[in-house]
Each structure stands twice: as C-alpha cells, then as structure tokens.
Amino acid sequence: MEKYLTVKDIALKWNITPRRIQKLCADGKIEGAVKFGRDWAIPADAEKPRDARITTGEYKNWRKVSKDSE
C-alpha cells in the first residue's frame with residue numbers, strides 16, 4: 001500500500017494553504033486523493049496541479065481605479 005499524507009503535510013510540502021489543498025481535492029485536481037469522513041488522504045507521490053486561476057499570466061486588481069481615469 002502506498003503512503004498517504006494529510007492536507008496539512010501536503011500544504012507544507014507544496015507551500016500553499018490547507019484550504020486550497022481541500023478545494024483542489026474536492027474539485028478532483030489531485031489524482032488519487034480519497035476522502036475519509038471529513039479528512040482527505042493524498043498519495044505522497046501526488047504531483048502539484050498547475051494553478052489555473054490566473055489565465056492571463058499577470059494579476060490585475062480590478063477593484064482599484066487608476067487616478068488617470070478620474
């Protein structure tokens with residue numbers, strides 16, 4: 001049987017938040033992740049999925065209005 005890690009262990013390994021790991025597991029982005037009750041078991045050799053939240057490659061803060069447009 002292969003070794004499984006917790007959400008907290010994977011978060012430290014990949015340097016992202018535990019909540020983001022939970023979301024990736026729930027969305028099926030981490031192959032082999034299994035839910036046991038309220039906890040996730042993630043294979044130790046699982047690969048970190050590509051971050052597809054930003055599609056343009058640069059961050060644009062749409063909430064800030066530039067002073068030029070005032």
# chains A, B, ... in the order shown; residues from 1 in each chain; ligands from 1

call {"tool": "residues_around", "arguments": {"residues": "range 31-48 of chain A", "least_positions_apart": "4", "cutoff": "10 Å", "atoms": "only C-alpha atoms", "output": "MDAnalysis selection string"}}
result
chainID A and resid 2:10 13:14 21:22 24:26

call {"tool": "write_last_selection", "arguments": {"atoms": "all heavy atoms", "output": "compact mmCIF listing (two decimals), in the first residue's frame"}}
result
# COMPACT_ATOMS: atom_id res chain seq x y z
N GLU A 2 0.55 2.17 -0.86
CA GLU A 2 1.37 3.38 -0.94
C GLU A 2 1.08 4.30 0.25
O GLU A 2 0.04 4.21 0.88
CB GLU A 2 1.14 4.10 -2.26
CG GLU A 2 -0.30 4.51 -2.51
CD GLU A 2 -0.47 5.13 -3.88
OE1 GLU A 2 -0.17 6.32 -4.01
OE2 GLU A 2 -0.90 4.42 -4.77
N LYS A 3 2.01 5.18 0.52
CA LYS A 3 1.90 6.07 1.67
C LYS A 3 1.01 7.27 1.34
O LYS A 3 1.09 7.83 0.26
CB LYS A 3 3.29 6.54 2.06
CG LYS A 3 3.29 7.36 3.31
CD LYS A 3 4.68 7.74 3.73
CE LYS A 3 4.57 8.58 4.98
NZ LYS A 3 5.83 9.11 5.40
N TYR A 4 0.19 7.64 2.29
CA TYR A 4 -0.70 8.79 2.15
C TYR A 4 -0.30 9.88 3.14
O TYR A 4 0.20 9.59 4.21
CB TYR A 4 -2.16 8.39 2.40
CG TYR A 4 -2.76 7.59 1.28
CD1 TYR A 4 -2.69 6.20 1.27
CD2 TYR A 4 -3.40 8.22 0.22
CE1 TYR A 4 -3.24 5.47 0.23
CE2 TYR A 4 -3.95 7.50 -0.81
CZ TYR A 4 -3.86 6.12 -0.80
OH TYR A 4 -4.41 5.41 -1.83
N LEU A 5 -0.53 11.13 2.75
CA LEU A 5 -0.26 12.28 3.61
C LEU A 5 -1.55 13.04 3.86
O LEU A 5 -2.52 12.91 3.12
CB LEU A 5 0.77 13.20 2.95
CG LEU A 5 2.15 12.61 2.68
CD1 LEU A 5 3.01 13.60 1.91
CD2 LEU A 5 2.84 12.21 3.97
N THR A 6 -1.53 13.87 4.90
CA THR A 6 -2.69 14.69 5.23
C THR A 6 -2.66 16.00 4.44
O THR A 6 -1.66 16.34 3.81
CB THR A 6 -2.71 15.03 6.73
OG1 THR A 6 -1.56 15.82 7.03
CG2 THR A 6 -2.72 13.77 7.58
N VAL A 7 -3.75 16.73 4.52
CA VAL A 7 -3.84 18.03 3.86
C VAL A 7 -2.76 18.97 4.40
O VAL A 7 -2.10 19.68 3.63
CB VAL A 7 -5.25 18.64 4.07
CG1 VAL A 7 -5.30 20.08 3.64
CG2 VAL A 7 -6.29 17.82 3.32
N LYS A 8 -2.55 18.95 5.69
CA LYS A 8 -1.55 19.82 6.32
C LYS A 8 -0.14 19.50 5.82
O LYS A 8 0.64 20.40 5.52
CB LYS A 8 -1.63 19.68 7.84
CG LYS A 8 -0.74 20.63 8.58
CD LYS A 8 -0.94 20.49 10.08
CE LYS A 8 -0.05 21.44 10.84
NZ LYS A 8 -0.21 21.34 12.28
N ASP A 9 0.18 18.21 5.72
CA ASP A 9 1.50 17.80 5.24
C ASP A 9 1.74 18.23 3.79
O ASP A 9 2.81 18.73 3.44
CB ASP A 9 1.68 16.29 5.36
CG ASP A 9 1.68 15.82 6.79
OD1 ASP A 9 2.02 16.62 7.68
OD2 ASP A 9 1.31 14.65 7.03
N ILE A 10 0.74 18.05 2.94
CA ILE A 10 0.85 18.43 1.54
C ILE A 10 0.95 19.95 1.41
O ILE A 10 1.70 20.47 0.59
CB ILE A 10 -0.34 17.89 0.72
CG1 ILE A 10 -0.28 16.36 0.64
CG2 ILE A 10 -0.37 18.48 -0.67
CD1 ILE A 10 0.84 15.80 -0.19
N LYS A 13 4.44 20.88 2.12
CA LYS A 13 5.31 20.39 1.04
C LYS A 13 5.21 21.28 -0.21
O LYS A 13 6.22 21.58 -0.83
CB LYS A 13 4.89 18.96 0.70
CG LYS A 13 5.70 18.30 -0.38
CD LYS A 13 5.20 16.88 -0.58
CE LYS A 13 5.92 16.19 -1.72
NZ LYS A 13 5.41 14.84 -1.94
N TRP A 14 3.99 21.71 -0.56
CA TRP A 14 3.76 22.50 -1.78
C TRP A 14 3.75 24.00 -1.52
O TRP A 14 3.64 24.78 -2.45
CB TRP A 14 2.46 22.10 -2.43
CG TRP A 14 2.48 20.72 -3.03
CD1 TRP A 14 3.56 19.92 -3.22
CD2 TRP A 14 1.35 19.99 -3.50
NE1 TRP A 14 3.17 18.74 -3.80
CE2 TRP A 14 1.83 18.75 -3.98
CE3 TRP A 14 -0.01 20.25 -3.55
CZ2 TRP A 14 0.98 17.79 -4.52
CZ3 TRP A 14 -0.85 19.30 -4.09
CH2 TRP A 14 -0.36 18.07 -4.57
N ILE A 21 -5.65 23.21 -0.70
CA ILE A 21 -5.49 21.78 -0.91
C ILE A 21 -6.85 21.08 -0.84
O ILE A 21 -7.17 20.24 -1.68
CB ILE A 21 -4.53 21.15 0.13
CG1 ILE A 21 -3.14 21.78 0.05
CG2 ILE A 21 -4.46 19.64 -0.02
CD1 ILE A 21 -2.37 21.45 -1.20
N GLN A 22 -7.67 21.45 0.15
CA GLN A 22 -9.00 20.87 0.28
C GLN A 22 -9.84 21.15 -0.97
O GLN A 22 -10.56 20.27 -1.46
CB GLN A 22 -9.71 21.43 1.50
CG GLN A 22 -9.12 20.97 2.80
CD GLN A 22 -9.72 21.70 4.00
OE1 GLN A 22 -10.31 22.77 3.87
NE2 GLN A 22 -9.55 21.12 5.17
N LEU A 24 -8.72 21.79 -4.03
CA LEU A 24 -8.18 21.01 -5.14
C LEU A 24 -8.64 19.55 -5.06
O LEU A 24 -8.97 18.95 -6.09
CB LEU A 24 -6.65 21.08 -5.14
CG LEU A 24 -6.04 22.42 -5.51
CD1 LEU A 24 -4.54 22.41 -5.24
CD2 LEU A 24 -6.31 22.77 -6.96
N CYS A 25 -8.67 19.00 -3.86
CA CYS A 25 -9.15 17.62 -3.68
C CYS A 25 -10.63 17.50 -4.05
O CYS A 25 -11.04 16.58 -4.75
CB CYS A 25 -8.93 17.16 -2.25
SG CYS A 25 -7.21 16.91 -1.80
N ALA A 26 -11.43 18.44 -3.56
CA ALA A 26 -12.87 18.42 -3.82
C ALA A 26 -13.17 18.57 -5.31
O ALA A 26 -14.14 17.99 -5.82
CB ALA A 26 -13.56 19.52 -3.03

call {"tool": "select_by_dssp", "arguments": {"residues": "range 16-51 of chain A", "states": "strand (DSSP E)", "output": "count of residues only"}}
result
8

call {"tool": "atom_distance", "arguments": {"atom1": "CA of Thr55 in chain A", "atom2": "CA of Asp27 in chain A"}}
result
17.9 Å

call {"tool": "atom_distance", "arguments": {"atom1": "CA of Thr56 in chain A", "atom2": "CA of Arg19 in chain A"}}
result
23.8 Å
